[in-house]
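J.: File query.txt follows (compact mmCIF, C-alpha atoms and all ligand atoms):
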# COMPACT_ATOMS: atom_id res chain seq x y z
CA MET A 1 -147.59 -172.25 7.47
CA LYS A 2 -145.40 -169.18 6.96
CA THR A 3 -142.74 -168.55 9.60
CA TYR A 4 -142.14 -164.85 10.24
CA ASP A 5 -138.79 -163.39 11.20
CA TRP A 6 -140.52 -161.14 13.74
CA ILE A 7 -143.94 -160.87 15.33
CA VAL A 8 -144.53 -157.46 16.92
CA ILE A 9 -147.23 -157.37 19.62
CA GLY A 10 -148.82 -153.92 19.96
CA GLY A 11 -149.71 -151.34 17.35
CA GLY A 12 -149.06 -148.11 19.28
CA ILE A 13 -146.23 -145.86 18.13
CA GLY A 14 -143.64 -148.30 19.52
CA GLY A 15 -144.97 -151.32 17.64
CA VAL A 16 -145.60 -149.58 14.33
CA ALA A 17 -142.22 -147.81 14.29
CA LEU A 18 -140.52 -151.10 15.07
CA SER A 19 -142.48 -153.02 12.40
CA TYR A 20 -141.59 -150.41 9.79
CA GLU A 21 -137.89 -150.38 10.70
CA LEU A 22 -137.63 -154.19 10.81
CA ALA A 23 -139.26 -154.39 7.36
CA ARG A 24 -136.78 -151.78 6.07
CA GLN A 25 -134.06 -154.26 7.02
CA GLY A 26 -135.71 -156.84 4.72
CA LEU A 27 -137.29 -158.91 7.52
CA GLN A 28 -140.68 -160.65 7.34
CA VAL A 29 -142.89 -159.03 9.99
CA LEU A 30 -146.35 -159.67 11.41
CA LEU A 31 -147.83 -156.85 13.53
CA ILE A 32 -150.65 -157.79 15.90
CA GLU A 33 -152.77 -155.07 17.54
CA GLN A 34 -155.77 -155.92 19.65
CA SER A 35 -158.00 -152.93 18.88
CA VAL A 36 -159.29 -151.55 15.58
CA ASN A 37 -159.19 -148.00 16.93
CA LEU A 38 -156.18 -147.30 19.13
CA THR A 39 -156.90 -147.33 22.85
CA GLY A 40 -153.36 -147.25 24.30
CA ALA A 41 -151.23 -144.30 25.37
CA SER A 42 -150.38 -143.30 21.78
CA ARG A 43 -154.08 -142.56 21.23
CA PHE A 44 -154.22 -140.00 24.07
CA SER A 45 -150.70 -138.59 23.97
CA TYR A 46 -150.08 -134.83 23.96
CA GLY A 47 -147.59 -135.44 21.14
CA GLY A 48 -144.68 -133.54 22.72
CA VAL A 49 -141.18 -134.33 21.46
CA ALA A 50 -138.68 -133.25 24.13
CA TYR A 51 -135.61 -133.59 21.90
CA TRP A 52 -133.85 -131.02 24.11
CA ALA A 53 -134.25 -132.92 27.40
CA GLY A 54 -131.40 -135.48 27.24
CA THR A 55 -129.20 -135.41 30.33
CA THR A 56 -126.68 -138.16 29.48
CA PRO A 57 -124.56 -138.78 26.36
CA LEU A 58 -127.01 -141.57 25.40
CA THR A 59 -130.25 -139.57 25.77
CA ARG A 60 -128.69 -136.44 24.25
CA GLN A 61 -127.57 -138.39 21.20
CA LEU A 62 -131.02 -139.94 20.79
CA GLY A 63 -132.64 -136.51 21.22
CA ALA A 64 -130.53 -135.09 18.40
CA GLU A 65 -131.24 -138.12 16.17
CA SER A 66 -134.94 -137.82 16.97
CA PHE A 67 -135.13 -134.20 15.83
CA THR A 68 -133.38 -135.03 12.55
CA LYS A 69 -135.64 -138.05 12.01
CA TYR A 70 -138.87 -136.15 12.71
CA GLU A 71 -137.89 -133.27 10.41
CA GLN A 72 -138.12 -135.59 7.42
CA LEU A 73 -140.47 -138.30 8.70
CA SER A 74 -143.57 -137.09 6.83
CA ASP A 75 -141.57 -137.32 3.58
CA GLU A 76 -140.03 -140.66 4.49
CA LEU A 77 -143.38 -142.23 5.40
CA GLU A 78 -145.17 -140.36 2.58
CA SER A 79 -147.85 -139.27 5.04
CA GLU A 80 -148.28 -136.09 7.09
CA ILE A 81 -147.46 -136.39 10.82
CA GLN A 82 -147.74 -132.62 11.50
CA PHE A 83 -144.29 -132.26 13.04
CA ARG A 84 -143.76 -128.70 14.22
CA VAL A 85 -141.77 -126.83 16.84
CA LEU A 86 -143.77 -124.81 19.36
CA ASP A 87 -143.25 -123.15 22.74
CA LEU A 88 -143.42 -125.32 25.82
CA VAL A 89 -144.52 -123.38 28.91
CA MET A 90 -143.82 -125.14 32.20
CA THR A 91 -145.74 -123.55 35.05
CA ILE A 92 -144.41 -122.95 38.55
CA PRO A 93 -147.07 -122.25 41.20
CA VAL A 94 -146.99 -119.09 43.32
CA GLU A 95 -145.68 -121.05 46.30
CA GLY A 96 -143.11 -122.90 44.12
CA ASP A 97 -139.34 -122.36 44.12
CA VAL A 98 -138.39 -121.00 40.69
CA THR A 99 -134.64 -121.50 41.18
CA GLN A 100 -135.11 -125.11 42.25
CA ALA A 101 -137.49 -125.77 39.34
CA ALA A 102 -134.93 -124.40 36.86
CA HIS A 103 -132.10 -126.34 38.51
CA ALA A 104 -133.90 -129.63 37.81
CA TYR A 105 -133.40 -129.01 34.07
CA ALA A 106 -129.86 -127.59 34.28
CA HIS A 107 -128.26 -130.76 32.86
CA CYS A 108 -130.52 -130.97 29.80
CA ALA A 109 -128.99 -130.61 26.34
CA ALA A 110 -130.86 -127.27 26.00
CA PRO A 111 -132.07 -126.13 29.43
CA PRO A 112 -135.32 -124.12 29.41
CA SER A 113 -135.20 -120.42 30.40
CA VAL A 114 -136.87 -118.90 33.43
CA ILE A 115 -139.61 -116.38 32.58
CA SER A 116 -141.92 -114.19 34.62
CA PRO A 117 -145.68 -114.80 34.83
CA VAL A 118 -146.18 -111.78 32.53
CA ILE A 119 -143.94 -113.21 29.80
CA ALA A 120 -145.57 -116.62 30.28
CA LYS A 121 -148.94 -115.01 29.56
CA GLU A 122 -147.53 -113.35 26.45
CA LEU A 123 -146.47 -116.80 25.19
CA GLU A 124 -149.72 -118.46 26.29
CA PRO A 125 -152.57 -115.94 26.60
CA GLN A 126 -154.81 -118.55 28.27
CA LEU A 127 -152.56 -118.71 31.35
CA ASN A 128 -153.65 -117.13 34.61
CA PRO A 129 -150.53 -115.16 35.71
CA ASP A 130 -151.92 -114.80 39.24
CA ALA A 131 -151.53 -118.59 39.71
CA LEU A 132 -147.85 -118.48 38.74
CA GLY A 133 -144.68 -117.73 40.64
CA GLY A 134 -142.86 -118.01 37.31
CA ALA A 135 -142.45 -120.42 34.43
CA LEU A 136 -139.84 -122.16 32.31
CA THR A 137 -139.89 -122.16 28.54
CA CYS A 138 -138.11 -123.69 25.58
CA ARG A 139 -138.82 -124.74 22.03
CA HIS A 140 -140.41 -128.18 21.93
CA GLY A 141 -141.20 -130.64 19.15
CA HIS A 142 -144.77 -131.67 18.47
CA ILE A 143 -146.49 -134.32 16.36
CA GLU A 144 -150.03 -135.60 15.95
CA PRO A 145 -149.50 -139.07 17.46
CA MET A 146 -152.52 -140.69 15.79
CA LEU A 147 -151.38 -139.51 12.35
CA THR A 148 -147.86 -140.69 13.15
CA VAL A 149 -149.04 -144.18 14.14
CA GLU A 150 -151.15 -144.35 10.98
CA ALA A 151 -148.26 -143.13 8.81
CA TYR A 152 -145.81 -145.68 10.22
CA ARG A 153 -148.38 -148.48 9.89
CA ARG A 154 -149.18 -147.67 6.26
CA ALA A 155 -145.49 -147.37 5.36
CA ALA A 156 -144.86 -150.71 7.10
CA GLU A 157 -147.64 -152.36 5.10
CA THR A 158 -146.19 -150.93 1.90
CA LEU A 159 -142.93 -152.70 2.81
CA GLY A 160 -144.82 -156.00 3.21
CA VAL A 161 -145.63 -156.03 6.94
CA GLU A 162 -148.81 -158.03 7.58
CA VAL A 163 -151.18 -156.59 10.17
CA ILE A 164 -153.89 -158.42 12.06
CA VAL A 165 -156.33 -157.08 14.63
CA ALA A 166 -156.50 -159.59 17.48
CA LYS A 167 -155.48 -159.98 21.07
CA VAL A 168 -152.40 -162.15 21.64
CA GLU A 169 -153.35 -164.50 24.45
CA THR A 170 -150.45 -166.94 24.31
CA ILE A 171 -146.79 -166.66 23.43
CA LYS A 172 -145.62 -170.12 22.42
CA ILE A 173 -142.42 -171.31 24.04
CA GLN A 174 -140.49 -174.57 23.94
CA ASP A 175 -138.20 -175.64 26.75
CA GLY A 176 -134.66 -176.34 25.64
CA LEU A 177 -131.33 -177.02 27.30
CA GLY A 178 -130.77 -173.90 29.39
CA ASP A 179 -132.71 -171.35 27.36
CA ARG A 180 -136.38 -171.46 26.46
CA TYR A 181 -137.16 -171.01 22.77
CA ILE A 182 -139.87 -168.85 21.21
CA GLN A 183 -142.02 -170.58 18.61
CA GLY A 184 -144.52 -167.83 17.83
CA VAL A 185 -147.90 -166.74 19.15
CA ASN A 186 -151.39 -168.15 19.28
CA VAL A 187 -154.36 -165.98 18.41
CA HIS A 188 -157.94 -167.31 18.38
CA GLN A 189 -156.53 -170.87 18.34
CA VAL A 190 -154.43 -170.18 15.26
CA ASP A 191 -150.65 -170.52 15.54
CA TYR A 192 -148.43 -167.87 13.97
CA PRO A 193 -144.88 -169.28 13.93
CA SER A 194 -141.99 -166.84 14.23
CA ARG A 195 -138.29 -166.87 15.04
CA ASN A 196 -138.69 -163.77 17.20
CA VAL A 197 -141.51 -162.17 19.16
CA ILE A 198 -141.20 -158.63 20.48
CA ILE A 199 -143.55 -157.18 23.08
CA ALA A 200 -144.38 -153.53 22.37
CA ALA A 201 -147.66 -153.65 24.28
CA GLY A 202 -147.25 -150.42 26.28
CA GLY A 203 -148.82 -150.65 29.72
CA LEU A 204 -149.81 -154.28 29.11
CA SER A 205 -146.22 -155.41 28.44
CA ARG A 206 -145.77 -156.45 32.06
CA TRP A 207 -148.90 -158.63 31.89
CA LEU A 208 -147.75 -160.35 28.67
CA LEU A 209 -144.28 -160.97 30.06
CA SER A 210 -145.62 -162.41 33.28
CA SER A 211 -147.92 -164.70 31.26
CA VAL A 212 -144.74 -166.55 30.18
CA GLY A 213 -143.14 -166.39 33.62
CA VAL A 214 -140.89 -163.38 32.96
CA ASN A 215 -140.54 -160.75 35.64
CA LEU A 216 -138.90 -157.56 34.40
CA PRO A 217 -138.83 -154.12 36.08
CA ILE A 218 -141.53 -152.65 33.86
CA TYR A 219 -144.64 -150.99 35.30
CA PHE A 220 -147.61 -148.86 34.27
CA THR A 221 -149.69 -145.93 35.37
CA HIS A 222 -153.37 -145.39 34.67
CA ALA A 223 -153.68 -142.01 32.96
CA GLU A 224 -156.91 -139.97 32.99
CA LEU A 225 -157.54 -136.98 30.74
CA ILE A 226 -160.23 -134.96 28.97
CA GLU A 227 -160.47 -134.77 25.18
CA THR A 228 -162.54 -132.25 23.21
CA ALA A 229 -163.84 -132.31 19.67
CA PRO A 230 -161.95 -130.00 17.28
CA MET A 231 -162.64 -126.41 18.33
CA ASP A 232 -161.51 -122.87 17.53
CA PRO A 233 -157.85 -122.12 18.28
CA CYS A 234 -157.33 -121.38 21.97
CA LEU A 235 -154.01 -122.84 23.17
CA ARG A 236 -150.84 -121.68 21.39
CA THR A 237 -148.34 -123.66 23.46
CA LEU A 238 -147.95 -126.99 25.22
CA VAL A 239 -148.54 -126.35 28.93
CA LEU A 240 -147.10 -128.63 31.61
CA PRO A 241 -146.02 -128.18 35.22
CA ALA A 242 -142.28 -127.60 35.66
CA GLN A 243 -142.21 -130.13 38.48
CA ILE A 244 -143.91 -133.10 36.85
CA GLN A 245 -145.17 -135.21 39.73
CA ARG A 246 -145.54 -138.29 37.50
CA VAL A 247 -141.73 -138.61 37.45
CA GLY A 248 -141.62 -138.89 41.26
CA LEU A 249 -144.58 -141.27 41.23
CA GLU A 250 -142.75 -143.58 38.81
CA THR A 251 -139.53 -143.49 40.84
CA LEU A 252 -141.21 -144.19 44.17
CA SER A 253 -143.71 -146.83 43.03
CA SER A 254 -141.04 -148.92 41.25
CA ARG A 255 -138.76 -149.22 44.30
CA PRO A 256 -137.67 -152.85 44.86
CA GLU A 257 -139.72 -153.11 48.07
CA PHE A 258 -142.92 -152.59 46.04
CA GLU A 259 -142.03 -155.16 43.37
CA HIS A 260 -144.30 -157.88 44.75
CA PHE A 261 -147.32 -155.52 44.62
CA TRP A 262 -147.04 -155.31 40.85
CA ASP A 263 -147.60 -159.04 40.41
CA GLN A 264 -151.12 -158.97 41.86
CA PRO A 265 -154.13 -156.76 41.25
CA GLY A 266 -155.57 -154.80 44.15
CA HIS A 267 -152.54 -152.74 45.23
CA GLU A 268 -151.60 -149.10 44.82
CA PRO A 269 -147.94 -148.58 45.77
CA MET A 270 -148.23 -144.77 45.81
CA PRO A 271 -151.19 -142.36 45.85
CA SER A 272 -152.30 -140.84 42.55
CA ILE A 273 -151.07 -137.45 41.35
CA LEU A 274 -152.36 -134.75 39.00
CA ASP A 275 -150.12 -132.81 36.61
CA PRO A 276 -152.30 -130.03 35.13
CA GLY A 277 -151.52 -129.32 31.48
CA GLY A 278 -152.88 -129.25 27.99
CA ILE A 279 -152.29 -129.08 24.26
CA GLN A 280 -154.32 -128.17 21.20
CA PHE A 281 -153.60 -130.09 18.00
CA CYS A 282 -153.50 -128.57 14.52
CA ASN A 283 -157.07 -129.73 13.84
CA GLY A 284 -158.36 -127.98 17.00
CA ARG A 285 -158.67 -131.10 19.20
CA LEU A 286 -157.75 -130.32 22.80
CA LEU A 287 -156.34 -132.65 25.46
CA LEU A 288 -156.37 -131.61 29.12
CA GLY A 289 -154.85 -133.74 31.82
CA GLN A 290 -153.50 -135.61 33.50
CA ILE A 291 -154.07 -137.86 36.49
CA SER A 292 -151.62 -140.74 36.95
CA SER A 293 -152.23 -143.60 39.35
CA THR A 294 -150.38 -146.81 40.15
CA LEU A 295 -153.26 -149.25 40.65
CA THR A 296 -151.68 -152.61 39.93
CA ASP A 297 -154.71 -154.06 38.15
CA PRO A 298 -154.59 -152.96 34.47
CA GLN A 299 -158.41 -153.16 34.44
CA ALA A 300 -158.87 -151.33 37.77
CA ASN A 301 -162.10 -149.40 38.24
CA LEU A 302 -161.66 -145.64 37.97
CA ASN A 303 -164.38 -143.11 38.71
CA PRO A 304 -164.81 -140.96 35.55
CA SER A 305 -166.74 -138.13 37.23
CA THR A 306 -164.25 -137.81 40.12
CA GLY A 307 -161.33 -137.83 37.68
CA GLU A 308 -162.93 -135.32 35.33
CA MET A 309 -163.82 -132.95 38.17
CA ALA A 310 -160.29 -133.08 39.60
CA ILE A 311 -158.77 -132.29 36.19
CA ARG A 312 -161.21 -129.43 35.57
CA THR A 313 -160.53 -127.92 39.00
CA ALA A 314 -156.75 -128.01 38.46
CA ILE A 315 -157.04 -126.68 34.89
CA GLY A 316 -159.32 -123.89 36.20
CA GLU A 317 -156.39 -122.58 38.27
CA ILE A 318 -153.90 -122.19 35.44
CA LEU A 319 -156.04 -122.07 32.26
CA PRO A 320 -159.36 -120.69 33.59
CA ALA A 321 -161.12 -120.32 30.23
CA LEU A 322 -160.72 -124.06 29.60
CA LYS A 323 -162.15 -125.27 32.91
CA ASP A 324 -165.66 -125.94 31.56
CA VAL A 325 -164.87 -126.70 27.93
CA ALA A 326 -167.06 -129.52 26.56
CA GLY A 327 -165.06 -132.73 26.52
CA THR A 328 -165.00 -136.42 27.33
CA TRP A 329 -163.05 -138.23 30.06
CA HIS A 330 -160.71 -141.00 28.85
CA ARG A 331 -158.28 -143.43 30.43
CA CYS A 332 -155.32 -145.47 29.19
CA LEU A 333 -152.21 -147.22 30.48
CA VAL A 334 -148.69 -145.78 30.20
CA ALA A 335 -145.61 -148.00 30.67
CA PHE A 336 -142.51 -146.94 32.56
CA SER A 337 -139.27 -148.45 33.85
CA ARG A 338 -137.35 -148.04 37.09
CA ASP A 339 -134.44 -145.99 35.74
CA GLN A 340 -136.09 -143.78 33.09
CA LEU A 341 -134.50 -145.78 30.28
CA PRO A 342 -136.63 -148.11 28.15
CA LEU A 343 -136.32 -151.89 28.21
CA VAL A 344 -135.23 -152.79 24.69
CA GLY A 345 -133.77 -156.12 23.65
CA LYS A 346 -133.71 -159.83 24.31
CA VAL A 347 -135.36 -161.16 27.45
CA PRO A 348 -132.64 -163.03 29.39
CA GLY A 349 -133.09 -166.83 29.25
CA TYR A 350 -135.60 -166.74 26.37
CA GLU A 351 -134.19 -167.27 22.88
CA GLY A 352 -136.24 -165.15 20.43
CA LEU A 353 -138.27 -163.20 23.03
CA HIS A 354 -137.70 -159.44 23.10
CA VAL A 355 -139.23 -156.37 24.69
CA PHE A 356 -139.60 -152.77 23.48
CA SER A 357 -141.37 -150.78 26.16
CA GLY A 358 -141.12 -148.64 29.29
CA PHE A 359 -139.98 -145.45 27.56
CA SER A 360 -139.74 -142.18 29.51
CA ASN A 361 -139.73 -139.37 26.93
CA PRO A 362 -141.25 -141.94 24.53
CA LEU A 363 -142.10 -139.89 21.47
CA THR A 364 -138.55 -138.56 21.38
CA LEU A 365 -136.82 -141.89 21.84
CA ILE A 366 -139.03 -144.37 19.97
CA PRO A 367 -138.22 -143.42 16.33
CA PRO A 368 -134.41 -143.44 16.67
CA VAL A 369 -134.39 -146.47 19.00
CA ALA A 370 -136.66 -148.46 16.65
CA GLN A 371 -134.35 -147.65 13.73
CA ARG A 372 -131.24 -148.58 15.66
CA PHE A 373 -132.80 -151.75 17.12
CA ALA A 374 -133.75 -153.04 13.66
CA ALA A 375 -130.23 -152.47 12.34
CA HIS A 376 -128.81 -154.04 15.52
CA VAL A 377 -130.73 -157.31 15.05
CA ALA A 378 -130.38 -157.44 11.27
CA ARG A 379 -126.81 -156.28 10.76
CA THR A 380 -124.29 -155.17 13.36
CA THR A 381 -124.29 -154.83 17.13
CA ASP A 382 -125.16 -151.32 18.30
CA ASP A 383 -123.58 -150.41 21.64
CA LEU A 384 -126.31 -147.87 22.31
CA ILE A 385 -129.01 -150.56 22.04
CA VAL A 386 -126.95 -152.85 24.26
CA GLN A 387 -127.20 -150.18 27.01
CA LEU A 388 -131.00 -150.52 26.96
CA HIS A 389 -130.88 -154.30 27.46
CA PRO A 390 -133.67 -155.54 29.79
CA GLY A 391 -131.16 -157.47 31.90
CA ARG A 392 -129.06 -154.37 32.67
C1 LIG A 401 -152.27 -137.90 28.45
C2 LIG A 401 -150.93 -138.37 27.95
C3 LIG A 401 -150.03 -137.45 27.43
C4 LIG A 401 -148.79 -137.88 26.96
N1 LIG A 401 -147.96 -136.95 26.41
C5 LIG A 401 -146.76 -137.33 25.95
C6 LIG A 401 -145.90 -136.38 25.34
O1 LIG A 401 -146.23 -135.21 25.20
N2 LIG A 401 -144.69 -136.82 24.90
C7 LIG A 401 -144.29 -138.13 25.03
O2 LIG A 401 -143.18 -138.46 24.63
N3 LIG A 401 -145.10 -139.04 25.59
C8 LIG A 401 -146.32 -138.68 26.05
N4 LIG A 401 -147.16 -139.62 26.59
C9 LIG A 401 -146.70 -141.01 26.68
C10 LIG A 401 -146.67 -141.67 25.30
O3 LIG A 401 -147.74 -141.23 24.51
C11 LIG A 401 -146.70 -143.18 25.42
O4 LIG A 401 -145.76 -143.63 26.34
C12 LIG A 401 -146.44 -143.86 24.08
O5 LIG A 401 -147.38 -143.42 23.13
C13 LIG A 401 -146.48 -145.36 24.28
O6 LIG A 401 -146.45 -146.00 23.03
P1 LIG A 401 -146.42 -147.58 23.01
O7 LIG A 401 -146.53 -147.99 21.59
O8 LIG A 401 -145.25 -148.07 23.79
O9 LIG A 401 -147.72 -148.02 23.84
P2 LIG A 401 -149.25 -147.88 23.46
O10 LIG A 401 -149.54 -146.69 22.65
O11 LIG A 401 -150.00 -148.05 24.75
O12 LIG A 401 -149.51 -149.14 22.53
C14 LIG A 401 -149.52 -150.46 23.01
C15 LIG A 401 -150.50 -151.23 22.16
O13 LIG A 401 -150.40 -152.62 22.47
C16 LIG A 401 -151.68 -153.19 22.28
N5 LIG A 401 -151.71 -154.45 23.02
C17 LIG A 401 -151.53 -154.64 24.34
N6 LIG A 401 -151.64 -155.95 24.64
C18 LIG A 401 -151.90 -156.58 23.49
C19 LIG A 401 -152.12 -157.96 23.16
N7 LIG A 401 -152.11 -158.93 24.09
N8 LIG A 401 -152.36 -158.29 21.86
C20 LIG A 401 -152.39 -157.33 20.91
N9 LIG A 401 -152.19 -156.00 21.17
C21 LIG A 401 -151.94 -155.65 22.44
C22 LIG A 401 -152.61 -152.13 22.87
O14 LIG A 401 -153.92 -152.28 22.35
C23 LIG A 401 -151.94 -150.83 22.42
O15 LIG A 401 -152.50 -150.29 21.23
C24 LIG A 401 -148.42 -139.23 27.03
C25 LIG A 401 -149.33 -140.17 27.54
C26 LIG A 401 -150.57 -139.75 27.97
C27 LIG A 401 -151.55 -140.76 28.48
Turn the structure described in the file into structure tokens.
Ligand SMILES: Cc1cc2nc3c(=O)[nH]c(=O)nc-3n(C[C@H](O)[C@H](O)[C@H](O)COP(=O)(O)OP(=O)(O)OC[C@H]3O[C@@H](n4cnc5c(N)ncnc54)[C@H](O)[C@@H]3O)c2cc1C

T.:
Amino acid sequence: MKTYDWIVIGGGIGGVALSYELARQGLQVLLIEQSVNLTGASRFSYGGVAYWAGTTPLTRQLGAESFTKYEQLSDELESEIQFRVLDLVMTIPVEGDVTQAAHAYAHCAAPPSVISPVIAKELEPQLNPDALGGALTCRHGHIEPMLTVEAYRRAAETLGVEVIVAKVETIKIQDGLGDRYIQGVNVHQVDYPSRNVIIAAGGLSRWLLSSVGVNLPIYFTHAELIETAPMDPCLRTLVLPAQIQRVGLETLSSRPEFEHFWDQPGHEPMPSILDPGGIQFCNGRLLLGQISSTLTDPQANLNPSTGEMAIRTAIGEILPALKDVAGTWHRCLVAFSRDQLPLVGKVPGYEGLHVFSGFSNPLTLIPPVAQRFAAHVARTTDDLIVQLHPGR
């Protein structure tokens, strides 16, 4: 049976970008995705590319590389990903502190500007200025994530990547002296041998890692949102709160004292939060969200009608005309790490086992990190990739 150089588990934007970049390095790649139609976070993403938001030399460099990569990615992949630059409007409630909200972005590569509620409404006519104490704005990248996943996957297949639709149940490992050695994966009782296996399974990465006894600081939120069918143009901008509560939720729920909760279902380290926002894609599809919760069971029961009502109520405050728009409630898992940097690289103690997940600012970072990671494993060590090592 054929032995692959790499098996990539997960066909969201992380897995497809990685498969494509590994194949560009001349490696034999098998990509395994469990669902025919995407169901992970890439399927329900707003598509925002915050190339301007880097706050360290590392994230600023990746932000700049990301913008350059996206500008030509449709041509490179020979498929349209609808990359554009639009206005991001970040809302600050009437009772909010505008100066403090702006200060939180002061160290970004291109900090957003403070604007009045009146100017915010000029940028986004759907906004209710009476609900705002102010807003922040900047130019923001945007892609259609589903088209981008499809474009990467097709380009990967053109380069010889094999794709199968199946759920990976078992990662095959052999015990050696000191390290444990990856042999491949088993799917539906068929072995697929490989020298390397990389887990790009989004919110399920933690589950897959723990299935082979690996405990890494990688976590997930349950996201809830509303999606509409394509409709007439209504939203011009991407709308988000300036103080994104999800960031605090991730920081607090991944504190070391909560670590043991994440290894069993039935816990919720921190209460859920709601960040009201929305985006309309080029084809008219609208996404409105977003609830994030830290239930530790990936299959936890969520109440669709409660979630939908909460989102509609919050959207009604800032974007009143969209409160009752016809749409369908959806859920998915979103991975995150403890320190806002992704876990990318070899799992300590496991020869041939790697991880590529837990991205904050994922759509910005994934394309340049996938490209660099592939060159790092195929050619020369990349110090930037070393900084993302899971054992850091
Ligand atoms: C409402 C919402 C809005 C968002 N907006 C933005 C935004 O504007 N900008 C931004 O940067 N990010 C945004 N995100 C986050 C971002 O979209 C995700 O973090 C990113 O798409 C994750 O990609 P991924 O490939 O790592 O994971 P996923 O897209 O979740 O893909 C993982 C894949 O692995 C597969 N898988 C899992 N286990 C197995 C297995 N055992 N066998 C086979 N396959 C398996 C799953 O089926 C899934 O398709 C948003 C997320 C949500 C929910």

J.: For ligand LIG 401 (chain A), list the contacting residues at 6 Å or closer, counting all atoms listed in the file, as a ChimeraX atom specification.

T.: /A:9-15,32-35,38-42,44-49,166-169,200-204,223,225,289-290,334,357,361-364

J.: I'd like a table as CSV: residues in region 228-319 of chain A with an atom no more than 9 Å from region 126-131 of chain A, each row giving the shortest atom pair and its distance in Å to one decimal, all atoms listed in the file counted, sorted by chain and rising residue number.

T.:
residue,atom,partner,partner_atom,distance
A:Cys234,CA,A:Gln126,CA,7.4
A:Leu235,CA,A:Gln126,CA,6.7
A:Arg236,CA,A:Gln126,CA,8.5
A:Val239,CA,A:Leu127,CA,9.0
A:Gly316,CA,A:Asn128,CA,9.0
A:Glu317,CA,A:Ala131,CA,6.5
A:Ile318,CA,A:Asn128,CA,5.1
A:Leu319,CA,A:Leu127,CA,4.9

J.: Using only C-alpha atoms, pick whichever of A:Gly63, A:Gly26, A:Gly352, A:Pro111 has the shortest atom-to-atom distance to Pro367 (chain A).

T.: A:Gly63

J.: Which residues are close to Tyr350 (chain A), i.e. within 9 Å by all atoms listed in the file, leaving aside same-chain residues fewer than 2 positions away? Reply as a ChimeraX atom specification.

T.: /A:173,179-182,346-348,352-354

J.: Quick check, in Å to one decimal: how far apart do CA of Thr148 (chain A) and CA of Ser79 (chain A) lie?

T.: 8.2 Å

J.: Enclose region 206-217 of chain A, meaning all of its atoms listed in the file, in a box aligned along x, y and z, pad it by 3 Å on each side, and list the centre and edge lengths in Å to one decimal, as JSON.

T.:
{"center_x": -143.9, "center_y": -160.3, "center_z": 32.4, "size_x": 16.1, "size_y": 18.4, "size_z": 13.4}

J.: What separation in Å, quoted to one decimal, exists between CA of Leu30 (chain A) and CA of Val369 (chain A)?

T.: 19.4 Å
